[in-house]
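So this block is model.pdb, PDB, C-alpha atoms, pLDDT in the B column:
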ATOM      1  CA  MET A 162       0.000   0.000   0.000  1.00 80.00           C
ATOM      2  CA  THR A 163       2.859   2.367   0.779  1.00 87.00           C
ATOM      3  CA  TRP A 164       4.379   1.792  -2.654  1.00 87.00           C
ATOM      4  CA  LEU A 165       1.108   2.625  -4.359  1.00 89.00           C
ATOM      5  CA  LEU A 166       0.997   5.874  -2.407  1.00 92.00           C
ATOM      6  CA  LEU A 167       4.502   6.589  -3.686  1.00 91.00           C
ATOM      7  CA  SER A 168       3.243   6.057  -7.244  1.00 93.00           C
ATOM      8  CA  LEU A 169       0.330   8.385  -6.538  1.00 92.00           C
ATOM      9  CA  LEU A 170       2.755  11.022  -5.281  1.00 91.00           C
ATOM     10  CA  GLY A 171       4.696  10.720  -8.538  1.00 91.00           C
ATOM     11  CA  LEU A 172       1.498  11.158 -10.539  1.00 91.00           C
ATOM     12  CA  VAL A 173       0.523  14.239  -8.533  1.00 91.00           C
ATOM     13  CA  LEU A 174       4.005  15.669  -9.086  1.00 88.00           C
ATOM     14  CA  ILE A 175       3.730  15.212 -12.851  1.00 87.00           C
ATOM     15  CA  ILE A 176       0.240  16.718 -13.036  1.00 89.00           C
ATOM     16  CA  SER A 177       1.188  19.713 -10.906  1.00 86.00           C
ATOM     17  CA  ALA A 178       4.295  20.337 -13.058  1.00 84.00           C
ATOM     18  CA  ILE A 179       2.166  20.326 -16.223  1.00 83.00           C
ATOM     19  CA  PHE A 180      -0.371  22.688 -14.664  1.00 86.00           C
ATOM     20  CA  TYR A 181       2.490  25.007 -13.680  1.00 81.00           C
ATOM     21  CA  PHE A 182       3.855  25.005 -17.241  1.00 79.00           C
ATOM     22  CA  VAL A 183       0.412  25.834 -18.615  1.00 81.00           C
ATOM     23  CA  PHE A 184       0.017  28.641 -16.065  1.00 83.00           C
ATOM     24  CA  VAL A 185       3.369  30.155 -17.032  1.00 79.00           C
ATOM     25  CA  ALA A 186       2.587  29.835 -20.746  1.00 78.00           C
ATOM     26  CA  LYS A 187      -0.780  31.572 -20.299  1.00 81.00           C
ATOM     27  CA  SER A 188       0.824  34.439 -18.407  1.00 81.00           C
ATOM     28  CA  TYR A 189       2.507  35.668 -21.601  1.00 79.00           C
ATOM     29  CA  LYS A 190       0.533  38.187 -23.656  1.00 81.00           C
ATOM     30  CA  ASN A 191       1.966  36.838 -26.910  1.00 82.00           C
ATOM     31  CA  LYS A 192       0.351  33.479 -27.691  1.00 81.00           C
ATOM     32  CA  THR A 193       3.274  32.219 -29.789  1.00 83.00           C
ATOM     33  CA  LEU A 194       5.771  33.030 -27.059  1.00 82.00           C
ATOM     34  CA  GLY A 195       3.578  31.240 -24.512  1.00 81.00           C
ATOM     35  CA  THR A 196       3.419  28.116 -26.663  1.00 84.00           C
ATOM     36  CA  ILE A 197       7.179  28.110 -27.218  1.00 84.00           C
ATOM     37  CA  SER A 198       7.727  28.614 -23.495  1.00 81.00           C
ATOM     38  CA  PHE A 199       5.445  25.679 -22.672  1.00 79.00           C
ATOM     39  CA  ILE A 200       7.210  23.380 -25.151  1.00 82.00           C
ATOM     40  CA  PHE A 201      10.712  24.241 -23.917  1.00 81.00           C
ATOM     41  CA  ASP A 202       9.706  23.997 -20.247  1.00 76.00           C
ATOM     42  CA  PHE A 203       8.091  20.624 -20.842  1.00 75.00           C
ATOM     43  CA  ILE A 204      11.027  19.201 -22.820  1.00 79.00           C
ATOM     44  CA  PHE A 205      13.669  20.397 -20.355  1.00 78.00           C
ATOM     45  CA  SER A 206      11.619  19.173 -17.395  1.00 71.00           C
ATOM     46  CA  ILE A 207      11.457  15.677 -18.873  1.00 71.00           C
ATOM     47  CA  GLY A 208      15.253  15.648 -19.188  1.00 63.00           C
ATOM     48  CA  SER A 209      15.896  16.779 -15.665  1.00 62.00           C
ATOM     49  CA  GLY A 210      13.287  17.843 -13.214  1.00 77.00           C
ATOM     50  CA  ALA A 211       9.895  17.238 -11.747  1.00 79.00           C
ATOM     51  CA  ILE A 212       8.494  15.054 -14.500  1.00 81.00           C
ATOM     52  CA  LEU A 213      11.502  12.718 -14.469  1.00 84.00           C
ATOM     53  CA  ILE A 214      11.318  12.363 -10.694  1.00 87.00           C
ATOM     54  CA  GLY A 215       7.570  11.768 -10.936  1.00 88.00           C
ATOM     55  CA  LEU A 216       8.041   9.040 -13.543  1.00 88.00           C
ATOM     56  CA  LEU A 217      10.701   7.381 -11.418  1.00 89.00           C
ATOM     57  CA  LEU A 218       8.424   7.450  -8.382  1.00 91.00           C
ATOM     58  CA  ILE A 219       5.614   5.861 -10.391  1.00 92.00           C
ATOM     59  CA  ILE A 220       7.864   3.120 -11.793  1.00 93.00           C
ATOM     60  CA  ILE A 221       9.504   2.331  -8.452  1.00 93.00           C
ATOM     61  CA  GLY A 222       6.158   2.299  -6.660  1.00 92.00           C
ATOM     62  CA  ILE A 223       4.527  -0.055  -9.156  1.00 92.00           C
ATOM     63  CA  VAL A 224       7.513  -2.428  -9.264  1.00 93.00           C
ATOM     64  CA  MET A 225       7.787  -2.594  -5.485  1.00 91.00           C
ATOM     65  CA  ALA A 226       4.019  -3.061  -5.101  1.00 91.00           C
ATOM     66  CA  GLY A 227       4.190  -5.942  -7.562  1.00 89.00           C
ATOM     67  CA  LYS A 228       6.941  -7.649  -5.549  1.00 88.00           C
ATOM     68  CA  SER A 229       5.067  -7.544  -2.255  1.00 74.00           C
TER      69      SER A 229
END
Written form, structure tokens:
Amino acid sequence: MTWLLLSLLGLVLIISAIFYFVFVAKSYKNKTLGTISFIFDFIFSIGSGAILIGLLLIIIGIVMAGKS
């Protein structure tokens, strides 16, 4: 059960990171600049950041829950 909660935490982390990127992109007046900002933030976050950590938490939680 604890491992599934860890996976849920990873999912919440990913969703909150995406909502943050959308919020930042919408804060720009220029729509093109907002879209470019969202794309770059999302790509760089996958490489190193909240989304990568969230994915790792999900994978570790599911694997460990499957073992127990």
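Here CA of Phe182 (chain A) and CA of Trp164 (chain A) stand 27.4 Å from one another.
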Output of the PyMOL selection byres ((chain A and resi 206) around 12), listed as an NGL selection string:
:A and (174-175 or 178-179 or 181-182 or 198-205 or 207-216)
Test item: the PyMOL selection byres ((chain A and resi 171) around 6) resolved as a PyMOL selection string:
chain A and resi 168-170+172-174+215+218-219
Between CA of Gly195 (chain A) and CA of Leu217 (chain A), what is the spacing in Å?
28.1 Å
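The two atoms in question, CA of Val183 (chain A) and CA of Leu165 (chain A), are spaced 27.2 Å apart.
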Go ahead and fit an axis-aligned box to every listed atom of region 197-203 of chain A plus 4 Å each side, and pass me the centre and edge lengths in Å, one decimal, as AutoDock Vina command-line options.
--center_x 8.1 --center_y 24.6 --center_z -23.7 --size_x 13.3 --size_y 16.0 --size_z 15.0
Contacts of Met162 (chain A) within 12 Å, all atoms listed in the file, excl. fewer than 3 positions in-chain, as a VMD selection string:
chain A and resid 165 to 169 222 to 223 225 to 229
Would you save region 180-215 of chain A from the block above with N, CA, C and O atoms, as a PDB file, in the first residue's frame?
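Result written to selection_20.pdb:
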ATOM      1  N   PHE A 180       0.485  21.533 -14.938  1.00  0.00           N
ATOM      2  CA  PHE A 180      -0.371  22.688 -14.664  1.00  0.00           C
ATOM      3  C   PHE A 180       0.461  23.961 -14.483  1.00  0.00           C
ATOM      4  O   PHE A 180       0.062  25.042 -14.917  1.00  0.00           O
ATOM      5  N   TYR A 181       1.620  23.844 -13.848  1.00  0.00           N
ATOM      6  CA  TYR A 181       2.490  25.007 -13.680  1.00  0.00           C
ATOM      7  C   TYR A 181       2.985  25.512 -15.030  1.00  0.00           C
ATOM      8  O   TYR A 181       3.004  26.715 -15.279  1.00  0.00           O
ATOM      9  N   PHE A 182       3.384  24.592 -15.916  1.00  0.00           N
ATOM     10  CA  PHE A 182       3.855  25.005 -17.241  1.00  0.00           C
ATOM     11  C   PHE A 182       2.757  25.704 -18.022  1.00  0.00           C
ATOM     12  O   PHE A 182       3.001  26.693 -18.712  1.00  0.00           O
ATOM     13  N   VAL A 183       1.539  25.203 -17.926  1.00  0.00           N
ATOM     14  CA  VAL A 183       0.412  25.834 -18.615  1.00  0.00           C
ATOM     15  C   VAL A 183       0.149  27.220 -18.039  1.00  0.00           C
ATOM     16  O   VAL A 183      -0.101  28.178 -18.774  1.00  0.00           O
ATOM     17  N   PHE A 184       0.229  27.343 -16.714  1.00  0.00           N
ATOM     18  CA  PHE A 184       0.017  28.641 -16.065  1.00  0.00           C
ATOM     19  C   PHE A 184       1.053  29.656 -16.520  1.00  0.00           C
ATOM     20  O   PHE A 184       0.712  30.810 -16.836  1.00  0.00           O
ATOM     21  N   VAL A 185       2.303  29.246 -16.592  1.00  0.00           N
ATOM     22  CA  VAL A 185       3.369  30.155 -17.032  1.00  0.00           C
ATOM     23  C   VAL A 185       3.168  30.533 -18.495  1.00  0.00           C
ATOM     24  O   VAL A 185       3.333  31.696 -18.880  1.00  0.00           O
ATOM     25  N   ALA A 186       2.787  29.559 -19.326  1.00  0.00           N
ATOM     26  CA  ALA A 186       2.587  29.835 -20.746  1.00  0.00           C
ATOM     27  C   ALA A 186       1.415  30.795 -20.963  1.00  0.00           C
ATOM     28  O   ALA A 186       1.468  31.658 -21.843  1.00  0.00           O
ATOM     29  N   LYS A 187       0.371  30.680 -20.147  1.00  0.00           N
ATOM     30  CA  LYS A 187      -0.780  31.572 -20.299  1.00  0.00           C
ATOM     31  C   LYS A 187      -0.501  32.972 -19.776  1.00  0.00           C
ATOM     32  O   LYS A 187      -1.219  33.910 -20.115  1.00  0.00           O
ATOM     33  N   SER A 188       0.526  33.125 -18.963  1.00  0.00           N
ATOM     34  CA  SER A 188       0.824  34.439 -18.407  1.00  0.00           C
ATOM     35  C   SER A 188       1.435  35.381 -19.443  1.00  0.00           C
ATOM     36  O   SER A 188       1.441  36.588 -19.259  1.00  0.00           O
ATOM     37  N   TYR A 189       1.955  34.827 -20.535  1.00  0.00           N
ATOM     38  CA  TYR A 189       2.507  35.668 -21.601  1.00  0.00           C
ATOM     39  C   TYR A 189       1.372  36.273 -22.424  1.00  0.00           C
ATOM     40  O   TYR A 189       0.386  35.614 -22.727  1.00  0.00           O
ATOM     41  N   LYS A 190       1.530  37.523 -22.814  1.00  0.00           N
ATOM     42  CA  LYS A 190       0.533  38.187 -23.656  1.00  0.00           C
ATOM     43  C   LYS A 190       0.577  37.636 -25.080  1.00  0.00           C
ATOM     44  O   LYS A 190      -0.445  37.482 -25.716  1.00  0.00           O
ATOM     45  N   ASN A 191       1.787  37.353 -25.557  1.00  0.00           N
ATOM     46  CA  ASN A 191       1.966  36.838 -26.910  1.00  0.00           C
ATOM     47  C   ASN A 191       1.695  35.336 -26.901  1.00  0.00           C
ATOM     48  O   ASN A 191       2.351  34.580 -26.184  1.00  0.00           O
ATOM     49  N   LYS A 192       0.738  34.885 -27.697  1.00  0.00           N
ATOM     50  CA  LYS A 192       0.351  33.479 -27.691  1.00  0.00           C
ATOM     51  C   LYS A 192       1.465  32.574 -28.219  1.00  0.00           C
ATOM     52  O   LYS A 192       1.673  31.474 -27.697  1.00  0.00           O
ATOM     53  N   THR A 193       2.186  33.023 -29.235  1.00  0.00           N
ATOM     54  CA  THR A 193       3.274  32.219 -29.789  1.00  0.00           C
ATOM     55  C   THR A 193       4.389  32.049 -28.769  1.00  0.00           C
ATOM     56  O   THR A 193       4.922  30.946 -28.605  1.00  0.00           O
ATOM     57  N   LEU A 194       4.730  33.113 -28.077  1.00  0.00           N
ATOM     58  CA  LEU A 194       5.771  33.030 -27.059  1.00  0.00           C
ATOM     59  C   LEU A 194       5.350  32.099 -25.923  1.00  0.00           C
ATOM     60  O   LEU A 194       6.166  31.345 -25.394  1.00  0.00           O
ATOM     61  N   GLY A 195       4.074  32.133 -25.556  1.00  0.00           N
ATOM     62  CA  GLY A 195       3.578  31.240 -24.512  1.00  0.00           C
ATOM     63  C   GLY A 195       3.670  29.785 -24.918  1.00  0.00           C
ATOM     64  O   GLY A 195       4.050  28.923 -24.124  1.00  0.00           O
ATOM     65  N   THR A 196       3.339  29.494 -26.175  1.00  0.00           N
ATOM     66  CA  THR A 196       3.419  28.116 -26.663  1.00  0.00           C
ATOM     67  C   THR A 196       4.863  27.633 -26.703  1.00  0.00           C
ATOM     68  O   THR A 196       5.161  26.508 -26.288  1.00  0.00           O
ATOM     69  N   ILE A 197       5.756  28.481 -27.182  1.00  0.00           N
ATOM     70  CA  ILE A 197       7.179  28.110 -27.218  1.00  0.00           C
ATOM     71  C   ILE A 197       7.713  27.900 -25.807  1.00  0.00           C
ATOM     72  O   ILE A 197       8.456  26.953 -25.547  1.00  0.00           O
ATOM     73  N   SER A 198       7.301  28.757 -24.891  1.00  0.00           N
ATOM     74  CA  SER A 198       7.727  28.614 -23.495  1.00  0.00           C
ATOM     75  C   SER A 198       7.238  27.294 -22.908  1.00  0.00           C
ATOM     76  O   SER A 198       7.988  26.594 -22.220  1.00  0.00           O
ATOM     77  N   PHE A 199       5.994  26.935 -23.183  1.00  0.00           N
ATOM     78  CA  PHE A 199       5.445  25.679 -22.672  1.00  0.00           C
ATOM     79  C   PHE A 199       6.218  24.487 -23.230  1.00  0.00           C
ATOM     80  O   PHE A 199       6.575  23.570 -22.494  1.00  0.00           O
ATOM     81  N   ILE A 200       6.504  24.504 -24.522  1.00  0.00           N
ATOM     82  CA  ILE A 200       7.210  23.380 -25.151  1.00  0.00           C
ATOM     83  C   ILE A 200       8.614  23.228 -24.574  1.00  0.00           C
ATOM     84  O   ILE A 200       9.028  22.122 -24.210  1.00  0.00           O
ATOM     85  N   PHE A 201       9.355  24.329 -24.462  1.00  0.00           N
ATOM     86  CA  PHE A 201      10.712  24.241 -23.917  1.00  0.00           C
ATOM     87  C   PHE A 201      10.700  23.836 -22.442  1.00  0.00           C
ATOM     88  O   PHE A 201      11.515  23.011 -22.019  1.00  0.00           O
ATOM     89  N   ASP A 202       9.790  24.392 -21.657  1.00  0.00           N
ATOM     90  CA  ASP A 202       9.706  23.997 -20.247  1.00  0.00           C
ATOM     91  C   ASP A 202       9.404  22.513 -20.110  1.00  0.00           C
ATOM     92  O   ASP A 202       9.986  21.821 -19.282  1.00  0.00           O
ATOM     93  N   PHE A 203       8.482  22.032 -20.924  1.00  0.00           N
ATOM     94  CA  PHE A 203       8.091  20.624 -20.842  1.00  0.00           C
ATOM     95  C   PHE A 203       9.235  19.707 -21.249  1.00  0.00           C
ATOM     96  O   PHE A 203       9.530  18.732 -20.574  1.00  0.00           O
ATOM     97  N   ILE A 204       9.925  20.042 -22.343  1.00  0.00           N
ATOM     98  CA  ILE A 204      11.027  19.201 -22.820  1.00  0.00           C
ATOM     99  C   ILE A 204      12.179  19.189 -21.815  1.00  0.00           C
ATOM    100  O   ILE A 204      12.714  18.126 -21.489  1.00  0.00           O
ATOM    101  N   PHE A 205      12.557  20.353 -21.301  1.00  0.00           N
ATOM    102  CA  PHE A 205      13.669  20.397 -20.355  1.00  0.00           C
ATOM    103  C   PHE A 205      13.302  19.756 -19.020  1.00  0.00           C
ATOM    104  O   PHE A 205      14.156  19.203 -18.336  1.00  0.00           O
ATOM    105  N   SER A 206      12.033  19.805 -18.639  1.00  0.00           N
ATOM    106  CA  SER A 206      11.619  19.173 -17.395  1.00  0.00           C
ATOM    107  C   SER A 206      11.661  17.657 -17.503  1.00  0.00           C
ATOM    108  O   SER A 206      11.935  16.966 -16.519  1.00  0.00           O
ATOM    109  N   ILE A 207      11.375  17.128 -18.703  1.00  0.00           N
ATOM    110  CA  ILE A 207      11.457  15.677 -18.873  1.00  0.00           C
ATOM    111  C   ILE A 207      12.906  15.229 -18.722  1.00  0.00           C
ATOM    112  O   ILE A 207      13.184  14.198 -18.110  1.00  0.00           O
ATOM    113  N   GLY A 208      13.835  16.002 -19.264  1.00  0.00           N
ATOM    114  CA  GLY A 208      15.253  15.648 -19.188  1.00  0.00           C
ATOM    115  C   GLY A 208      15.794  15.685 -17.773  1.00  0.00           C
ATOM    116  O   GLY A 208      16.565  14.817 -17.375  1.00  0.00           O
ATOM    117  N   SER A 209      15.416  16.679 -17.050  1.00  0.00           N
ATOM    118  CA  SER A 209      15.896  16.779 -15.665  1.00  0.00           C
ATOM    119  C   SER A 209      14.911  17.636 -14.891  1.00  0.00           C
ATOM    120  O   SER A 209      14.783  18.830 -15.143  1.00  0.00           O
ATOM    121  N   GLY A 210      14.209  17.040 -13.986  1.00  0.00           N
ATOM    122  CA  GLY A 210      13.287  17.843 -13.214  1.00  0.00           C
ATOM    123  C   GLY A 210      12.127  17.061 -12.655  1.00  0.00           C
ATOM    124  O   GLY A 210      12.210  15.853 -12.418  1.00  0.00           O
ATOM    125  N   ALA A 211      11.042  17.775 -12.468  1.00  0.00           N
ATOM    126  CA  ALA A 211       9.895  17.238 -11.747  1.00  0.00           C
ATOM    127  C   ALA A 211       9.253  16.063 -12.473  1.00  0.00           C
ATOM    128  O   ALA A 211       8.844  15.088 -11.835  1.00  0.00           O
ATOM    129  N   ILE A 212       9.166  16.132 -13.779  1.00  0.00           N
ATOM    130  CA  ILE A 212       8.494  15.054 -14.500  1.00  0.00           C
ATOM    131  C   ILE A 212       9.325  13.775 -14.453  1.00  0.00           C
ATOM    132  O   ILE A 212       8.789  12.676 -14.293  1.00  0.00           O
ATOM    133  N   LEU A 213      10.637  13.892 -14.559  1.00  0.00           N
ATOM    134  CA  LEU A 213      11.502  12.718 -14.469  1.00  0.00           C
ATOM    135  C   LEU A 213      11.404  12.083 -13.086  1.00  0.00           C
ATOM    136  O   LEU A 213      11.284  10.857 -12.969  1.00  0.00           O
ATOM    137  N   ILE A 214      11.437  12.890 -12.059  1.00  0.00           N
ATOM    138  CA  ILE A 214      11.318  12.363 -10.694  1.00  0.00           C
ATOM    139  C   ILE A 214       9.953  11.712 -10.496  1.00  0.00           C
ATOM    140  O   ILE A 214       9.842  10.644  -9.893  1.00  0.00           O
ATOM    141  N   GLY A 215       8.906  12.348 -11.039  1.00  0.00           N
ATOM    142  CA  GLY A 215       7.570  11.768 -10.936  1.00  0.00           C
ATOM    143  C   GLY A 215       7.473  10.423 -11.631  1.00  0.00           C
ATOM    144  O   GLY A 215       6.885   9.477 -11.106  1.00  0.00           O
TER     145      GLY A 215
END
